[in-house]
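**Q** This is the structure I have questions about; it appears just below.
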Amino acid sequence: MHESQGQPRAALRPATPAALCTVLVHGAGDIAAVLDLARGRPVALLSAPGVAGNLGIAGFRAMLPPDAMTLAILDAADSPGHALAALRAGFKHVVLAPDVPGFDAVALLAGCTEARVLAAPPPALDLARVDTAKAAGRLHLARWLDLP
């Protein structure tokens with residue numbers, strides 16, 4: 001256990017490599033816009049809060065290209081059952097509220113599979129506020145991704 005937070009170390013590892021940008025996506029259009037603009041550069045795709053219980057794990061996974069699964073971050077909100085199901089579905093990064101019963105157990109299981117359970121989502125650009133159909137929106141996203 002980590003002394004200051006009372007959480008397993010598996011839960012405290014960063015969601016993605018430090019230099020990787022994260023974008024909060026709300027649908028297939030957002031995912032396509034990010035991946036098109038990134039042109040092969042790695043980008044973490046964060047689901048909307050609680051998407052595991054709304055759209056569903058399979059629904060979010062279906063929107064992702066297979067090569068994006070290792071960098072996708074699924075938000076399970078306060079549902080350890082959804083977090084476990086996301087890990088079984090192949091997600092390597094899952095957000096779960098740290099105060100829910102079972103957080104430590106889910107984080108421990110995730111660590112056994114080289115996955116990570118995060119107590120909070122990483123900082124991300126929320127595409128709900130960015131119109132990627134417009135040049136200004138694409139420019140804003142490109143700046144967030146640190147693209148030339």
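Simple scheme: letters A, B, ... for chains in structure tokens order, numbers from 1 for residues in each chain, numbers from 1 for ligands in the order shown.
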Report as a list in words all protein, DNA and RNA residues lying within 8 Å of Thr132 of chain A, evaluated on only C-alpha atoms, omitting residues in the same chain fewer than 4 positions from it.

**A**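 Close residues of Thr132 of chain A: Asp30, Ala33, Leu127, Ala136, Gly137, Arg138 and Leu141 of chain A.
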
**Q** Please produce a file of those selected residues containing N, CA and C atoms, as a tab-separated table (two decimals), in the first residue's frame.

**A**
chain	number	residue	atom	x	y	z
A	30	ASP	N	-15.50	11.78	-32.81
A	30	ASP	CA	-14.38	12.34	-32.05
A	30	ASP	C	-13.13	11.47	-32.20
A	33	ALA	N	-11.63	11.89	-35.62
A	33	ALA	CA	-10.97	13.19	-35.78
A	33	ALA	C	-9.62	13.21	-35.09
A	127	LEU	N	-13.51	16.99	-25.99
A	127	LEU	CA	-13.98	17.37	-27.32
A	127	LEU	C	-15.44	17.77	-27.35
A	136	ALA	N	-10.83	26.04	-36.75
A	136	ALA	CA	-10.39	26.50	-35.43
A	136	ALA	C	-10.39	25.34	-34.43
A	137	GLY	N	-11.36	24.46	-34.53
A	137	GLY	CA	-11.42	23.31	-33.64
A	137	GLY	C	-10.28	22.34	-33.90
A	138	ARG	N	-9.98	22.09	-35.17
A	138	ARG	CA	-8.86	21.22	-35.51
A	138	ARG	C	-7.53	21.83	-35.06
A	141	LEU	N	-7.24	21.31	-31.30
A	141	LEU	CA	-6.88	19.93	-31.02
A	141	LEU	C	-5.41	19.68	-31.38

**Q** Which residues, written as number ranges by chain, have at least one atom at most 8 Å from Asp75 of chain A, with only C-alpha atoms counted and residues fewer than 2 positions away on the same chain left out?

**A** A: 46-52, 73, 77, 83, 94-96, 121

**Q** Calculate how many Å separate atom CA of Leu84 of chain A from atom CA of Val117 of chain A, rounding to one decimal.

**A**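 Those two atoms sit 9.8 Å apart.
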
**Q** Enter the distance from atom CA of Pro65 of chain A to atom CA of Pro80 of chain A, in Å, rounded to one decimal.

**A**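 About the pair atom CA of Pro65 of chain A and atom CA of Pro80 of chain A: they are 25.2 Å apart.
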
**Q** With DSSP run on the backbone, what are the strand (DSSP E) residues within segment 30-106 of chain A? I'd like them as a list in words.

**A**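 Of segment 30-106 of chain A, the ones in strand (DSSP E) are Ala44, Leu45, Leu46, Ala72, Ile73, Leu74, Asp75, His93, Val94 and Val95 of chain A.
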
**Q** Here is a test: counting only C-alpha atoms, which residue of A:Thr22, A:Leu37, A:Ala85, A:Ile31 is nearest to Ala62 of chain A?

**A**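 Closest residue, counting only C-alpha atoms: A:Ile31.
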
**Q** So which one's closest to Ala28 of chain A, A:Arg61, A:Arg129, A:His93, A:Arg143? Using only C-alpha atoms, please.

**A**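 Of the candidates, the smallest distance to Ala28 of chain A is held by A:Arg61.
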
**Q** Expressed in Å to a single decimal, how great is the separation between atom CA of Val43 of chain A and atom CA of Arg116 of chain A?

**A**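 Between atom CA of Val43 of chain A and atom CA of Arg116 of chain A the gap works out to 16.8 Å.
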
**Q** Based on the backbone DSSP call, show me all residues of segment 14-81 of chain A assigned helix (DSSP H, G or I), as a PyMOL selection string.

**A** chain A and resi 28-38+51-63+66-71+80-81

**Q** Residues of the last selection are to be written out with N, CA and C atoms, as a tab-separated table (two decimals), in the first residue's frame.

**A**
chain	number	residue	atom	x	y	z
A	28	ALA	N	-17.75	8.06	-32.02
A	28	ALA	CA	-16.89	7.61	-33.11
A	28	ALA	C	-16.32	8.77	-33.91
A	29	GLY	N	-17.10	9.84	-34.08
A	29	GLY	CA	-16.61	11.01	-34.81
A	29	GLY	C	-15.43	11.66	-34.12
A	30	ASP	N	-15.50	11.78	-32.81
A	30	ASP	CA	-14.38	12.34	-32.05
A	30	ASP	C	-13.13	11.47	-32.20
A	31	ILE	N	-13.33	10.17	-32.07
A	31	ILE	CA	-12.19	9.24	-32.17
A	31	ILE	C	-11.55	9.35	-33.55
A	32	ALA	N	-12.36	9.37	-34.60
A	32	ALA	CA	-11.84	9.48	-35.96
A	32	ALA	C	-11.09	10.79	-36.15
A	33	ALA	N	-11.63	11.89	-35.62
A	33	ALA	CA	-10.97	13.19	-35.78
A	33	ALA	C	-9.62	13.21	-35.09
A	34	VAL	N	-9.56	12.67	-33.88
A	34	VAL	CA	-8.29	12.65	-33.13
A	34	VAL	C	-7.26	11.80	-33.86
A	35	LEU	N	-7.64	10.59	-34.23
A	35	LEU	CA	-6.68	9.69	-34.87
A	35	LEU	C	-6.25	10.19	-36.24
A	36	ASP	N	-7.16	10.83	-36.97
A	36	ASP	CA	-6.81	11.40	-38.27
A	36	ASP	C	-5.79	12.52	-38.11
A	37	LEU	N	-6.02	13.38	-37.14
A	37	LEU	CA	-5.12	14.50	-36.92
A	37	LEU	C	-3.77	14.03	-36.35
A	38	ALA	N	-3.80	13.03	-35.50
A	38	ALA	CA	-2.56	12.53	-34.88
A	38	ALA	C	-1.68	11.79	-35.88
A	51	VAL	N	-19.01	6.05	-18.90
A	51	VAL	CA	-19.48	5.46	-20.16
A	51	VAL	C	-19.67	3.94	-20.04
A	52	ALA	N	-18.95	3.31	-19.14
A	52	ALA	CA	-19.09	1.85	-18.99
A	52	ALA	C	-20.52	1.46	-18.63
A	53	GLY	N	-21.19	2.31	-17.86
A	53	GLY	CA	-22.56	2.03	-17.46
A	53	GLY	C	-23.61	2.62	-18.38
A	54	ASN	N	-23.21	3.49	-19.29
A	54	ASN	CA	-24.17	4.13	-20.20
A	54	ASN	C	-24.13	3.51	-21.58
A	55	LEU	N	-23.11	3.81	-22.32
A	55	LEU	CA	-22.92	3.25	-23.66
A	55	LEU	C	-22.58	1.77	-23.56
A	56	GLY	N	-21.83	1.45	-22.53
A	56	GLY	CA	-21.40	0.08	-22.31
A	56	GLY	C	-19.97	-0.13	-22.76
A	57	ILE	N	-19.36	-1.13	-22.18
A	57	ILE	CA	-17.96	-1.44	-22.48
A	57	ILE	C	-17.82	-1.87	-23.94
A	58	ALA	N	-18.69	-2.75	-24.38
A	58	ALA	CA	-18.62	-3.23	-25.77
A	58	ALA	C	-18.89	-2.09	-26.76
A	59	GLY	N	-19.77	-1.18	-26.40
A	59	GLY	CA	-20.08	-0.05	-27.27
A	59	GLY	C	-18.88	0.86	-27.46
A	60	PHE	N	-18.19	1.18	-26.36
A	60	PHE	CA	-17.00	2.03	-26.46
A	60	PHE	C	-15.90	1.30	-27.21
A	61	ARG	N	-15.71	0.03	-26.90
A	61	ARG	CA	-14.67	-0.75	-27.57
A	61	ARG	C	-14.92	-0.84	-29.07
A	62	ALA	N	-16.18	-0.97	-29.47
A	62	ALA	CA	-16.52	-1.09	-30.89
A	62	ALA	C	-16.14	0.17	-31.68
A	63	MET	N	-16.09	1.31	-31.02
A	63	MET	CA	-15.71	2.55	-31.70
A	63	MET	C	-14.21	2.69	-31.88
A	66	PRO	N	-8.57	-1.43	-33.44
A	66	PRO	CA	-7.84	-2.40	-32.61
A	66	PRO	C	-6.51	-1.88	-32.07
A	67	ASP	N	-5.79	-1.09	-32.86
A	67	ASP	CA	-4.49	-0.60	-32.39
A	67	ASP	C	-4.60	0.51	-31.35
A	68	ALA	N	-5.80	0.99	-31.07
A	68	ALA	CA	-5.99	2.03	-30.06
A	68	ALA	C	-6.34	1.47	-28.69
A	69	MET	N	-6.59	0.17	-28.60
A	69	MET	CA	-7.03	-0.42	-27.33
A	69	MET	C	-6.01	-0.25	-26.21
A	70	THR	N	-4.73	-0.32	-26.51
A	70	THR	CA	-3.73	-0.24	-25.44
A	70	THR	C	-3.63	1.16	-24.84
A	71	LEU	N	-4.11	2.17	-25.56
A	71	LEU	CA	-4.05	3.54	-25.05
A	71	LEU	C	-5.43	4.09	-24.68
A	80	PRO	N	-17.28	-1.11	-9.57
A	80	PRO	CA	-16.18	-2.06	-9.68
A	80	PRO	C	-16.50	-3.21	-10.64
A	81	GLY	N	-17.78	-3.55	-10.76
A	81	GLY	CA	-18.17	-4.60	-11.71
A	81	GLY	C	-17.87	-4.21	-13.14

**Q** Which is closest to Arg41 of chain A among A:Ala119, A:Ala133, A:Leu125, A:Leu20, if we use only C-alpha atoms?

**A**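 Among the listed residues, the smallest separation from Arg41 of chain A belongs to A:Leu20.
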